[in-house]
Structure formats: C-alpha cells, structure tokens
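Shown next, in structure tokens, is the structure this report addresses.
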Amino acid sequence: MGMPVLALKGIDKRFGGIHALRNVDFSLEEGEVHALLGENGAGKSTLIKILTGVHHRDGGQMLLNGTDVRIENPLDARKKGIAAIYQELSLIESLTVAENIFLGHEPATSFLGTIRRSELFEASSDYLRTFGIKLDPRETVSELGMGQKRIIEIIKALSIQAKVLLLDEPTTGMSQAEIETLFEIMDDLKKKKVNMIYISHHLDEVFRVCDRATVLRDGENAGTFQVAKLDVETLVQAMLGRSLKEEFPPRKGTPSREVLLEAREFQAEGMVEPVDFHLHRGEILGITGIIGSGKSELALGLFGASRTQKGALLLEGKHVQLPSPSRAKKMGISFVPEDRKAQGLFLRLPVRHNLNVAHLEPCETLGFLSGKKMQSRALRTGRQLKVVPLDPAMPAQNLSGGNQQKVVIGKWLGNSPRIFILDEPTRGIDIGAKTEIYALVNSLADSGASVLILSSEFREMASVCDRVLVMRKGTFIAELEREGATTKKIMTLALGG
Amino acid sequence: MKPSTLQAGTSNARKWKRLLRGELGLILILAVIMVTFSILSPYFFTSRNLLNITRQVSITLIVAIGMTFVILIGEIDLSVGSIAAVVGVATAVSLKASGSLTLALLAGLGLGAAVGLVNGLLTVYGKVQSFIVTLAMLGIARGAALVWTDGKPVSRLPSAFGTLGAGYLGVVPVSTIIAAGVFVLAFLVLNKTKHGIYTRSIGANREAARLSAIAVTRYRILAFVVSGLMSALGGILITSRLLSAQPTAGEGLELNVIAAVILGGASLSGGVGTVFGTLLGAMVIGVIDNGMNLVGVSSFFQQIVKGIIILIAVLAKRSD
C-alpha cells in the first residue's frame, strides 16, 4: 500500500473536563471504504467533526495526501476535498435535482452572471448517467424518496471532486432496495478511487461494503481490523471492552410481581407495529434497540404525546385513555424525552422555571403562585439531584449537559410519579452524571415507582434494568431477565448481526 | 486575588451588564430623553404635560400589553389597529341604537375577543403562521369597519361616553387609570399565575411545553383572545376620546405597539419579555412623540427620529 489519502495521528480533543479523544489514529487508504465504529459517546462524532472543521483538534497531526493540514471550518473542509453526508439531509427541497447538485459552484454562467440552465441540466445528466442513476435532473427534490435524496447528496459531494467522502448513517430511512442501490453505487465509486469513511450502527452493512473497520471506545483506539477476516463477536468485544467498574450503582430492591401497566396490541402514531408488554410495580424495565427501531415513538405514545391508533393500555388492570400529556400526568406518568434541548428544556428560562413548570399546583394559593415556594422547591429538587451549580435564577442553557438532564428529570419529581418513562436518559452526558441518574432510577424503583428506560446504550440496559425487551424494526424480538441480559447478548440481538 | 473573589467580581459585573441590558437600561434611556426635552422645552417637565403623556400613552400601552401575551407565546398579531377600528364602530353603533353604555361596551369587547378567537383558531388549528393570519385579519377588520360606515365617521355620541377617553378623575386622566388597572392585572397574570408561566414556556419551547403536560393549544388561542380584547379596549378609548368612531382609527397602531413590546426587551422568537418592559417601551415612544411636538419638530421629521431612537435603544440592549 502506498501513502494513505488521509492519516490522523495522535488526535487529542478535550471539551472542558471531558477528554473526548485520546491519542486517536486513523488512516484511509486509496480506494477503500473504512468503517468507523463505536458505542454512543465513544468519540466517533467528535472525530468526524474534527475532520469536517466543526471542531478543532487540541493535539496530533492530520495528513491529507502527506501534508499536514488544519481544517478551519466546514467550507474549508469542502475546499480541501472532504465531503460529509449526514443523517440530516442538506438538500434544498424546493430546487431541482440539478440545481442542488451544483449549488454554490454552478458550472456555467452567462455574461450577465445568470446560470445557463441548459448547461446545468446537461452537466447533471452526465453525472447521473456516470453513476447509472435514472433520474430527471429537472425533477424537484421534494418529489423524491429518501433513498434518491441520499444519492443526490452523494453526487452533490462528488461534484466538488471530493477525495474523501464521509457517510454518517447513510441508510437511515431508506428501504432495503434503496440501500442495495446505494451499496452498488459505493462499489462503483470504489473502483473510481473515491475513498470513503462509513459510520453505521448496522454491523451487517459494515460487513457488506467496508474493507477495514476502526473501533473507538471511550475516546481511544480499540483496534483496526480487516473486515474480510472479522466476525461479529470480535467486533462487538472491541466496541464494549472494559469492565463495568463502579459506573452502575448496585440495585438493592426487587420488583413486585404485580402488573402496573399493560399494553395490549398497542400502537401509537409513528409506530410500525403494535406491541404487547407489561410493566411491574417497582420494576426497572428496559426497552432497547438501535436508533430508528421505534422506541421513541412508543415512548411518546405511552405519554399521550402522540395519538393512540390501536390497542389498549391498562393501568392497574383498568383501561385508560391517554389523549394528551396532561391526562398522562394526572395518571401519574412522567416522561423524560429523548432530545433534552429540543423537547425537554426551556433553555433561555431560569432553572427555577424549568424545575417547577410541570407541577405548579403545590406553589399555588387561590390561583396565585408563590415565588418563595417555587424557589424553595427548585432548591430542594436541585439539591436532591446534585445540580451543579445550583442557581435557580440561572438560565438552563448555562448548565452542562449532565446537569441539564438532571433538571429535565427533576421537573417531574414533585409529581410523585407512579410510572417514569425515560427516553435515552444518559445520551451525551459524562460518566459522573450518568451514575447519579442510575442511582436516582434505583431509588425511584425502590420507592415503588415503575421505571421504563428506552435506550440504545446496551451496557446501560444490561446493568441497570431488571428486565430488557429488545426491539428491532418496531417489534419486540426478545425478552431478557436481568441474569440473562448481558451487553453482548443485547447488542447482538439489537444489531441483528 | 484569590480565585473565589475573582469569580464573585466577574459574576457581579455580569449581573450589572444583565441589568443594564434589561429594564434598567431602558429606564436610563427614558431618563436621557426626558432630560433632553426638559432642556429644550420649559413646558415639558410640568405635571400637566407629564399627566398628558400618560393619557397619550395609555392606548398604546393597553394594546401593547395584549401584544405582550402574543409575542411571549411566540406569535404576532398584526390586526390590532383594525380590530380597534371595527370595535370603535361597533361600540358607537350599538351605543346609538340601544342608548345603553354597558351594552355598547360589552358589544365592543365581545367583538374584539371574538376576532381574537378567530385569529387564534386559524393559527392553531389551521396551522397557518400568525403573521399571515393576522395580516389577513388586518385587511378584513379594517374593510369591515369601512364597509359598515361607508367610510364615514359615526359621530354625535352621547357626551357621557367621552369620560372614558377624555375625562379626568381629579387631575388624573381616566384612561390612565384604566391603563394602570390593565397593567396591574397583566403583571399579576404573567408573573403570579400558571397562565403566565405556561405562556412563557410555550414561547420558549413549544414542544417541551407540550411534553411538560401543558395545554399548549388552549393557551395559544387564549393569547390571541387577550390581544383582541385589549385592542377592543384601545378602540373604545379612541372612540370615546373623539366622541366619534372613525373607520380609519388605529392605522399603523400595530407598528407602534410591536415597537413598544420589542423595545421593552421581548424577543420576537418568544419566551422572553415582561409587561414592565412593555410599559417602559410604550413610555419611550410616547415621550418622544410628545417632546418632539412640544419642541416643534415637523411631523415628517418626527418619524425619522423615532425610527432612529428605536434602533439605538434596541442595539444598545443587544447582547454582545
């Protein structure tokens, strides 16, 4: 092998107290598809963001065709031939395929500076033909399916003569047929010496299209493998690695056998299939699966935040209707959503506001709220959850991710919930805050509440939950009791490897 | 210096900065403007003129308080001036027809609330941006007032009706007292009740509000009803002051009102703002109008000056 197209050597990156990347090496050879793998929070995103100039490295070297470069910003990355395709598309829906492909670098302009549309369409047709895609460049992007859009995105990236193509979970929302087309295009690109970095949670995809795989774990290298000589077992082992240490506080209590909540053929808006399950009093039940498996849709449905389409919910054996979150709240159901910034917090409003908003009744006398009571309640909850710094007047956006998450959980504690639904409660937060949240989950369950955790962090599922349901493509494919729920087993089931 | 004292120092500085950018800054701006006019005109700083300013400001303030609810919840209401006009006509017509002041006031306020309700329903259930819904309503309500009156004012109203807009209680204008009452009520609702907390929450993050079990739909509609009601009260006061309902009354009122709310520190993206800020914003605009009239600035030039002062005030309050 010759000189790598791209070589990262000893990359280091810190965010405040968090050491996100520690001495990470990565190299991309000519004409290869190289998978970048790791659990959530392992450092993949940070590495990608350094590659595309969103973040800057604190230490280490980045060699592009042998010369040390520094990527200033995403535009600079594009200029240097690094193009990224993210889960969220960057196409402009109201423009045509051709206009999107050449957005920002139109091939020909007339002397007035206007775009020659005929040449634009011709150049696009050429591109589409090269990759064997039957699409009219005059078509408006909003008319296309997800798979076609993703392909347009790739062609757009290639039209700037990208040397390195970065694909982050490219198959999200694509049908099986579309995925196959994508892989064929990737095979074709490989022959044309386009070098690709492929990020995916789907191990089967990695085995289908990738030549090598580099695994990151806790911000460090955990091995680089030749995919042809690799099996799922080895890959999963590399991703999990270390022991569980004291990250997970021991569970003292045991769940009762009494069923608190039962879902029968339950299907809410956005769910692919109806599901059946039951939740015991005082139990910590985990529902796991990769992103897109349908967990969040189920959580929203159970909180009345999306419409129930089919089936029934039974609370203590009685049928209940959940037409709205306020109804769910009255039933004693609390919900911590997946995306704390977009769905959980009022970022610009004070911590006091955030901690009281879901449960103002105790602070009310004759319809008027007492500022003093709100303040003392915020202080009490904040202290209980160890929110640092604890300043009830401070806007929530000034807190760190972990402390923000504690505030989102804290807003429900006054509600003395019977059922606590937590969707990805520890995503993107540091180990310390995680441990505190696990301890809180334990104490909630010990006090008789039932906790439903929906998470794609398999280690967390295996270590925290009394029972784990594994979800794939909208249905439960396995039920594991605490003893049988090892991380490896859960991961293998969820990934379908 | 020890790190702890250093930290205290910077957090104090930050506190001051926050205060200056907030209401205190606006009070300073208001003070500067008032001192300037006091120097330029001997008549400006007399109790008679200051009370006069409060009367002039009262209508803007009342409508701006309604607008504060709408802007806090993350929406906008462009139809306030037109609602004021159509309500003025409705009040005058029912007063002349029935001879009952109570009935006329109820008809006017009821119409304002109803138009606000329509704005709210179309925005929330029709899923159309409130900018567009209320822009359409701006035309519809104004047109209705013009069609109803054939473009002519409804005059010769009983002089007792004039008390609301032009009367005095001792030395204090009645409309000032009404505005003060509305201010206190709005202050209590926004700061001391669930309604206020929920309105702010919905404006700050609608999805988070929904997932905090807040009845988002109800409060969003209610904000437009409050705005319609306040516009109606404004329209009634305008009609009362002139003893005549002009179908062209309140033209451009929405701009003055929105300017007052934004000057007062509210964010057009919702969640941030106070009625006290709105009061100060309305005062700044009222004082500029009054002072320039006293000093004898031409009315064409006044608009330029007002625009510039609003720009300066908003820029000065921007976070760096």
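Identifiers in this document derive from the order of the structure tokens: chains are assigned A, B, ..., residues are numbered from 1 separately in each chain, and ligands are numbered from 1 in order of occurrence.
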All residues 6 Å or closer to Ala20 of chain A, only C-alpha atoms, same chain fewer than 5 positions away omitted, as a PyMOL selection string: chain A and resi 13-14+43+219
Restricting the output to N, CA and C atoms, write the selected residues as a PDB file, in the first residue's frame.
```
ATOM      1  N   LYS A  13      -8.535  15.639  21.870  1.00  0.00           N
ATOM      2  CA  LYS A  13      -9.553  16.687  21.965  1.00  0.00           C
ATOM      3  C   LYS A  13     -10.220  16.657  23.334  1.00  0.00           C
ATOM      4  N   ARG A  14     -10.288  17.825  23.952  1.00  0.00           N
ATOM      5  CA  ARG A  14     -10.983  17.948  25.241  1.00  0.00           C
ATOM      6  C   ARG A  14     -12.123  18.931  25.114  1.00  0.00           C
ATOM      7  N   GLY A  43     -16.701   8.651  20.722  1.00  0.00           N
ATOM      8  CA  GLY A  43     -15.834   9.659  20.125  1.00  0.00           C
ATOM      9  C   GLY A  43     -15.930   9.741  18.609  1.00  0.00           C
ATOM     10  N   GLY A 219     -13.195   7.258  23.567  1.00  0.00           N
ATOM     11  CA  GLY A 219     -12.290   8.244  23.004  1.00  0.00           C
ATOM     12  C   GLY A 219     -10.917   7.716  22.653  1.00  0.00           C
TER      13      GLY A 219
END
```
Within 10 Å of Leu117 of chain B using only C-alpha atoms, minus same-chain residues under 2 positions, as a ChimeraX atom specification: /B:111-115,119-123,221-229
DSSP-assigned strand (DSSP E) among segment 38-202 of chain B, expressed as a list in words: Tyr168, Leu169, Val172 and Pro173 of chain B
Sorted by chain and rising residue number, list the residues of chain A at most 10 Å from chain B (counting only C-alpha atoms), each with its closest atom pair and distance in Å to one decimal, as a Markdown table.
```
| residue | atom | partner | partner_atom | distance |
| --- | --- | --- | --- | --- |
| A:Leu300 | CA | B:Leu211 | CA | 8.8 |
| A:Phe303 | CA | B:Leu211 | CA | 8.4 |
| A:Gly304 | CA | B:Leu211 | CA | 9.2 |
| A:Ala305 | CA | B:Leu211 | CA | 6.9 |
| A:Ser324 | CA | B:Ala213 | CA | 7.5 |
| A:Pro325 | CA | B:Ala213 | CA | 4.6 |
| A:Ser326 | CA | B:Ala213 | CA | 4.2 |
| A:Arg327 | CA | B:Ala213 | CA | 7.9 |
| A:Ala328 | CA | B:Ala213 | CA | 7.9 |
| A:Lys329 | CA | B:Ala213 | CA | 6.5 |
| A:Lys330 | CA | B:Ala213 | CA | 9.3 |
| A:Ser334 | CA | B:Ser212 | CA | 8.7 |
| A:Phe335 | CA | B:Leu211 | CA | 7.4 |
| A:Val336 | CA | B:Leu211 | CA | 8.3 |
| A:Pro337 | CA | B:Leu211 | CA | 7.7 |
| A:Asp339 | CA | B:Ala208 | CA | 9.7 |
| A:Arg340 | CA | B:Ala208 | CA | 8.6 |
| A:Lys341 | CA | B:Ala208 | CA | 8.5 |
| A:Ala342 | CA | B:Ala208 | CA | 6.8 |
| A:Gln343 | CA | B:Ala208 | CA | 4.3 |
| A:Gly344 | CA | B:Ala208 | CA | 4.9 |
| A:Leu345 | CA | B:Ala208 | CA | 6.1 |
| A:Phe346 | CA | B:Ala204 | CA | 5.7 |
| A:Leu347 | CA | B:Ala204 | CA | 7.6 |
| A:Arg348 | CA | B:Ala204 | CA | 7.0 |
| A:Leu349 | CA | B:Ala204 | CA | 7.4 |
| A:His353 | CA | B:Ile197 | CA | 7.7 |
| A:Asn354 | CA | B:Ser201 | CA | 8.7 |
| A:Asn356 | CA | B:Ile197 | CA | 9.4 |
| A:Val357 | CA | B:Ile197 | CA | 7.1 |
| A:Ala358 | CA | B:Ser212 | CA | 5.2 |
| A:His359 | CA | B:Ser212 | CA | 8.8 |
| A:Leu360 | CA | B:Lys194 | CA | 7.0 |
| A:Glu361 | CA | B:Lys194 | CA | 8.6 |
| A:Cys363 | CA | B:Lys194 | CA | 9.8 |
| A:Glu364 | CA | B:Thr193 | CA | 8.0 |
| A:Thr365 | CA | B:Thr193 | CA | 9.7 |
| A:Leu366 | CA | B:Thr193 | CA | 9.8 |
| A:Gly367 | CA | B:Thr193 | CA | 6.3 |
| A:Phe368 | CA | B:Thr193 | CA | 5.1 |
| A:Leu369 | CA | B:Lys192 | CA | 4.9 |
| A:Ser370 | CA | B:Lys192 | CA | 7.1 |
| A:Gly371 | CA | B:Lys192 | CA | 7.7 |
| A:Val408 | CA | B:Ser212 | CA | 9.6 |
| A:Lys411 | CA | B:Ser212 | CA | 8.4 |
| A:Trp412 | CA | B:Ser212 | CA | 8.6 |
```
Pull N, CA and C atoms from the residues just selected and write them as a compact mmCIF listing (two decimals), in the first residue's frame.
```
# COMPACT_ATOMS: atom_id res chain seq x y z
N LEU A 300 -43.48 8.20 23.26
CA LEU A 300 -44.40 9.33 23.07
C LEU A 300 -45.85 8.87 23.17
N PHE A 303 -47.05 8.33 26.69
CA PHE A 303 -47.23 9.56 27.45
C PHE A 303 -48.39 10.39 26.90
N GLY A 304 -49.08 9.83 25.91
CA GLY A 304 -50.21 10.58 25.33
C GLY A 304 -49.77 11.72 24.44
N ALA A 305 -48.48 11.74 24.06
CA ALA A 305 -47.99 12.84 23.24
C ALA A 305 -48.17 12.57 21.75
N SER A 324 -53.78 13.06 25.84
CA SER A 324 -52.86 14.19 25.94
C SER A 324 -51.86 13.95 27.07
N PRO A 325 -50.71 14.64 27.02
CA PRO A 325 -49.76 14.52 28.13
C PRO A 325 -50.37 14.94 29.46
N SER A 326 -51.28 15.93 29.46
CA SER A 326 -51.84 16.33 30.76
C SER A 326 -52.65 15.20 31.40
N ARG A 327 -53.32 14.41 30.54
CA ARG A 327 -54.06 13.25 31.04
C ARG A 327 -53.06 12.24 31.64
N ALA A 328 -51.98 12.01 30.91
CA ALA A 328 -50.97 11.07 31.38
C ALA A 328 -50.38 11.52 32.71
N LYS A 329 -50.16 12.83 32.82
CA LYS A 329 -49.62 13.37 34.06
C LYS A 329 -50.58 13.11 35.22
N LYS A 330 -51.88 13.30 34.98
CA LYS A 330 -52.87 13.05 36.04
C LYS A 330 -52.87 11.58 36.45
N SER A 334 -44.80 10.16 34.14
CA SER A 334 -43.85 11.22 33.85
C SER A 334 -42.98 10.80 32.68
N PHE A 335 -42.47 11.79 31.95
CA PHE A 335 -41.74 11.46 30.72
C PHE A 335 -40.53 12.36 30.54
N VAL A 336 -39.40 11.74 30.34
CA VAL A 336 -38.19 12.49 30.02
C VAL A 336 -37.84 12.19 28.57
N PRO A 337 -38.00 13.17 27.66
CA PRO A 337 -37.86 12.88 26.23
C PRO A 337 -36.41 12.69 25.81
N ASP A 339 -34.58 14.09 23.35
CA ASP A 339 -33.72 15.21 23.00
C ASP A 339 -33.93 16.32 24.02
N ARG A 340 -33.00 16.43 24.98
CA ARG A 340 -33.30 17.32 26.11
C ARG A 340 -33.37 18.77 25.69
N LYS A 341 -32.60 19.17 24.68
CA LYS A 341 -32.62 20.59 24.29
C LYS A 341 -33.88 20.93 23.51
N ALA A 342 -34.27 20.06 22.59
CA ALA A 342 -35.42 20.36 21.74
C ALA A 342 -36.74 20.03 22.41
N GLN A 343 -36.74 19.01 23.30
CA GLN A 343 -38.02 18.56 23.83
C GLN A 343 -38.15 18.68 25.34
N GLY A 344 -37.03 18.86 26.02
CA GLY A 344 -37.10 18.78 27.47
C GLY A 344 -36.97 20.11 28.19
N LEU A 345 -36.15 21.00 27.65
CA LEU A 345 -35.79 22.19 28.42
C LEU A 345 -36.32 23.48 27.81
N PHE A 346 -36.49 24.47 28.68
CA PHE A 346 -36.71 25.84 28.26
C PHE A 346 -35.36 26.52 28.47
N LEU A 347 -34.50 26.45 27.44
CA LEU A 347 -33.09 26.78 27.61
C LEU A 347 -32.85 28.19 28.11
N ARG A 348 -33.64 29.15 27.59
CA ARG A 348 -33.39 30.54 27.96
C ARG A 348 -34.04 30.93 29.28
N LEU A 349 -34.88 30.05 29.80
CA LEU A 349 -35.58 30.38 31.04
C LEU A 349 -34.81 29.82 32.25
N HIS A 353 -37.72 27.98 36.79
CA HIS A 353 -38.86 27.79 35.89
C HIS A 353 -38.92 26.35 35.40
N ASN A 354 -37.77 25.86 34.92
CA ASN A 354 -37.70 24.51 34.38
C ASN A 354 -38.07 23.44 35.40
N ASN A 356 -40.04 23.75 38.01
CA ASN A 356 -41.39 23.85 38.56
C ASN A 356 -42.50 23.68 37.53
N VAL A 357 -42.16 23.84 36.24
CA VAL A 357 -43.19 24.05 35.23
C VAL A 357 -44.19 22.90 35.12
N ALA A 358 -43.75 21.68 35.37
CA ALA A 358 -44.66 20.56 35.15
C ALA A 358 -45.54 20.29 36.38
N HIS A 359 -45.29 21.03 37.45
CA HIS A 359 -46.03 20.70 38.67
C HIS A 359 -46.15 21.93 39.54
N LEU A 360 -47.01 22.87 39.13
CA LEU A 360 -47.10 24.15 39.81
C LEU A 360 -48.11 24.15 40.96
N GLU A 361 -48.96 23.13 41.01
CA GLU A 361 -50.08 23.14 41.96
C GLU A 361 -49.64 23.39 43.41
N CYS A 363 -47.42 25.18 44.59
CA CYS A 363 -46.97 26.55 44.83
C CYS A 363 -48.12 27.54 44.70
N GLU A 364 -49.32 27.03 44.54
CA GLU A 364 -50.46 27.88 44.24
C GLU A 364 -51.35 28.09 45.46
N THR A 365 -51.72 29.36 45.74
CA THR A 365 -52.77 29.63 46.72
C THR A 365 -53.79 30.53 46.05
N LEU A 366 -55.03 30.11 46.02
CA LEU A 366 -56.12 30.87 45.41
C LEU A 366 -55.78 31.33 43.99
N GLY A 367 -55.10 30.46 43.25
CA GLY A 367 -54.78 30.79 41.87
C GLY A 367 -53.51 31.60 41.70
N PHE A 368 -52.92 32.04 42.79
CA PHE A 368 -51.67 32.81 42.67
C PHE A 368 -50.48 31.97 43.11
N LEU A 369 -49.38 32.12 42.35
CA LEU A 369 -48.18 31.33 42.64
C LEU A 369 -47.30 32.08 43.63
N SER A 370 -46.67 31.32 44.51
CA SER A 370 -45.74 31.93 45.44
C SER A 370 -44.31 31.77 44.92
N GLY A 371 -43.66 32.89 44.65
CA GLY A 371 -42.28 32.85 44.17
C GLY A 371 -41.36 32.19 45.17
N VAL A 408 -34.21 18.19 33.62
CA VAL A 408 -35.37 17.63 32.90
C VAL A 408 -36.02 16.53 33.73
N LYS A 411 -37.94 18.01 36.89
CA LYS A 411 -39.22 18.69 36.78
C LYS A 411 -40.39 17.76 37.08
N TRP A 412 -40.15 16.45 37.04
CA TRP A 412 -41.23 15.51 37.31
C TRP A 412 -41.22 14.97 38.73
```
Pick from B:Ala313, B:Leu40, B:Val87, B:Ile76, whichever lies nearest to Phe131 of chain B using only C-alpha atoms: B:Ile76
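Around segment 442-453 of chain A, within 8 Å and counting only C-alpha atoms, the residues found are Arg251, Lys252, Gly253, Thr254, Pro255, Leu260, Leu279, His280, Arg281, Gly282, Glu283, Ile284, Leu285, Gly286, Ile287, Pro417, Arg418, Ile419, Phe420, Ile421, Leu422, Asp423, Glu424, Pro425, Tyr438, Ala439, Leu440 and Ser455 of chain A, once anything fewer than 2 positions away on its own chain is removed.
Neighbours of Gly264 of chain B closer than or equal to 7 Å, with only C-alpha atoms counted and sequence neighbours fewer than 4 positions away skipped, come out as B:Ala260, B:Gly277, B:Thr278, B:Leu280, B:Gly281.
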Would you put the residues from that selection into a file with N, CA and C atoms, as a PDB file, in the first residue's frame?
```pdb
ATOM      1  N   ALA B 260     -43.095  49.031  20.879  1.00  0.00           N
ATOM      2  CA  ALA B 260     -43.067  49.181  22.334  1.00  0.00           C
ATOM      3  C   ALA B 260     -42.689  47.867  23.009  1.00  0.00           C
ATOM      4  N   GLY B 277     -41.370  45.891  31.069  1.00  0.00           N
ATOM      5  CA  GLY B 277     -40.595  46.312  29.900  1.00  0.00           C
ATOM      6  C   GLY B 277     -41.494  46.968  28.868  1.00  0.00           C
ATOM      7  N   THR B 278     -42.645  46.360  28.613  1.00  0.00           N
ATOM      8  CA  THR B 278     -43.598  46.917  27.657  1.00  0.00           C
ATOM      9  C   THR B 278     -44.041  48.316  28.090  1.00  0.00           C
ATOM     10  N   LEU B 280     -42.298  50.447  29.856  1.00  0.00           N
ATOM     11  CA  LEU B 280     -41.185  51.365  29.568  1.00  0.00           C
ATOM     12  C   LEU B 280     -41.079  51.648  28.070  1.00  0.00           C
ATOM     13  N   GLY B 281     -41.253  50.597  27.267  1.00  0.00           N
ATOM     14  CA  GLY B 281     -41.186  50.760  25.818  1.00  0.00           C
ATOM     15  C   GLY B 281     -42.243  51.742  25.321  1.00  0.00           C
TER      16      GLY B 281
END
```
Near-Leu355 of chain A list (7 Å; only C-alpha atoms; drop same-chain fewer than 6 positions) as a VMD selection string: chain A and resid 378 407 410 to 411
Contact residues around segment 190-202 of chain A with only C-alpha atoms at 7 Å, ignoring same-chain residues under 4 positions, as a list in words: Glu30, Gly31, Glu32, Val33, His34, Ala35, Leu36, Leu37, Lys163, Val164, Leu165, Leu166, Leu167, Asp168, Glu169, Met186, Val206 and Leu495 of chain A
Written selection (N, CA and C atoms) as an mmCIF file, in the first residue's frame:
```cif
data_model
loop_
_atom_site.group_PDB
_atom_site.id
_atom_site.type_symbol
_atom_site.label_atom_id
_atom_site.label_comp_id
_atom_site.auth_asym_id
_atom_site.auth_seq_id
_atom_site.Cartn_x
_atom_site.Cartn_y
_atom_site.Cartn_z
ATOM 1 N N GLU A 30 -5.994 4.549 -0.293
ATOM 2 C CA GLU A 30 -6.559 4.786 -1.619
ATOM 3 C C GLU A 30 -7.583 3.697 -1.964
ATOM 4 N N GLY A 31 -8.779 4.126 -2.366
ATOM 5 C CA GLY A 31 -9.786 3.200 -2.866
ATOM 6 C C GLY A 31 -10.421 2.285 -1.844
ATOM 7 N N GLU A 32 -10.429 2.672 -0.592
ATOM 8 C CA GLU A 32 -11.059 1.790 0.393
ATOM 9 C C GLU A 32 -12.296 2.432 1.034
ATOM 10 N N VAL A 33 -13.157 1.560 1.546
ATOM 11 C CA VAL A 33 -14.257 2.019 2.388
ATOM 12 C C VAL A 33 -13.895 1.589 3.800
ATOM 13 N N HIS A 34 -13.751 2.570 4.686
ATOM 14 C CA HIS A 34 -13.258 2.290 6.025
ATOM 15 C C HIS A 34 -14.353 2.613 7.039
ATOM 16 N N ALA A 35 -14.773 1.599 7.794
ATOM 17 C CA ALA A 35 -15.839 1.823 8.780
ATOM 18 C C ALA A 35 -15.267 2.429 10.053
ATOM 19 N N LEU A 36 -16.015 3.377 10.629
ATOM 20 C CA LEU A 36 -15.648 3.944 11.920
ATOM 21 C C LEU A 36 -16.755 3.545 12.889
ATOM 22 N N LEU A 37 -16.374 2.741 13.897
ATOM 23 C CA LEU A 37 -17.392 2.155 14.757
ATOM 24 C C LEU A 37 -17.148 2.498 16.222
ATOM 25 N N LYS A 163 -12.210 14.065 -2.397
ATOM 26 C CA LYS A 163 -11.252 12.964 -2.311
ATOM 27 C C LYS A 163 -11.633 12.021 -1.190
ATOM 28 N N VAL A 164 -12.258 12.606 -0.142
ATOM 29 C CA VAL A 164 -12.697 11.803 0.991
ATOM 30 C C VAL A 164 -14.192 12.027 1.175
ATOM 31 N N LEU A 165 -14.943 10.928 1.141
ATOM 32 C CA LEU A 165 -16.385 11.024 1.299
ATOM 33 C C LEU A 165 -16.768 10.377 2.626
ATOM 34 N N LEU A 166 -17.443 11.153 3.452
ATOM 35 C CA LEU A 166 -17.784 10.699 4.793
ATOM 36 C C LEU A 166 -19.271 10.414 4.849
ATOM 37 N N LEU A 167 -19.648 9.181 5.146
ATOM 38 C CA LEU A 167 -21.064 8.822 5.162
ATOM 39 C C LEU A 167 -21.472 8.472 6.587
ATOM 40 N N ASP A 168 -22.319 9.304 7.189
ATOM 41 C CA ASP A 168 -22.737 9.095 8.577
ATOM 42 C C ASP A 168 -24.141 8.516 8.598
ATOM 43 N N GLU A 169 -24.244 7.249 8.963
ATOM 44 C CA GLU A 169 -25.542 6.541 8.998
ATOM 45 C C GLU A 169 -26.336 6.811 7.714
ATOM 46 N N MET A 186 -21.706 2.638 -4.196
ATOM 47 C CA MET A 186 -20.468 2.693 -3.429
ATOM 48 C C MET A 186 -19.402 1.773 -4.024
ATOM 49 N N VAL A 206 -21.762 -2.923 7.518
ATOM 50 C CA VAL A 206 -20.307 -2.835 7.568
ATOM 51 C C VAL A 206 -19.692 -4.039 6.853
ATOM 52 N N LEU A 495 -28.597 -5.489 17.001
ATOM 53 C CA LEU A 495 -27.965 -5.154 15.732
ATOM 54 C C LEU A 495 -28.316 -6.157 14.646
#
```
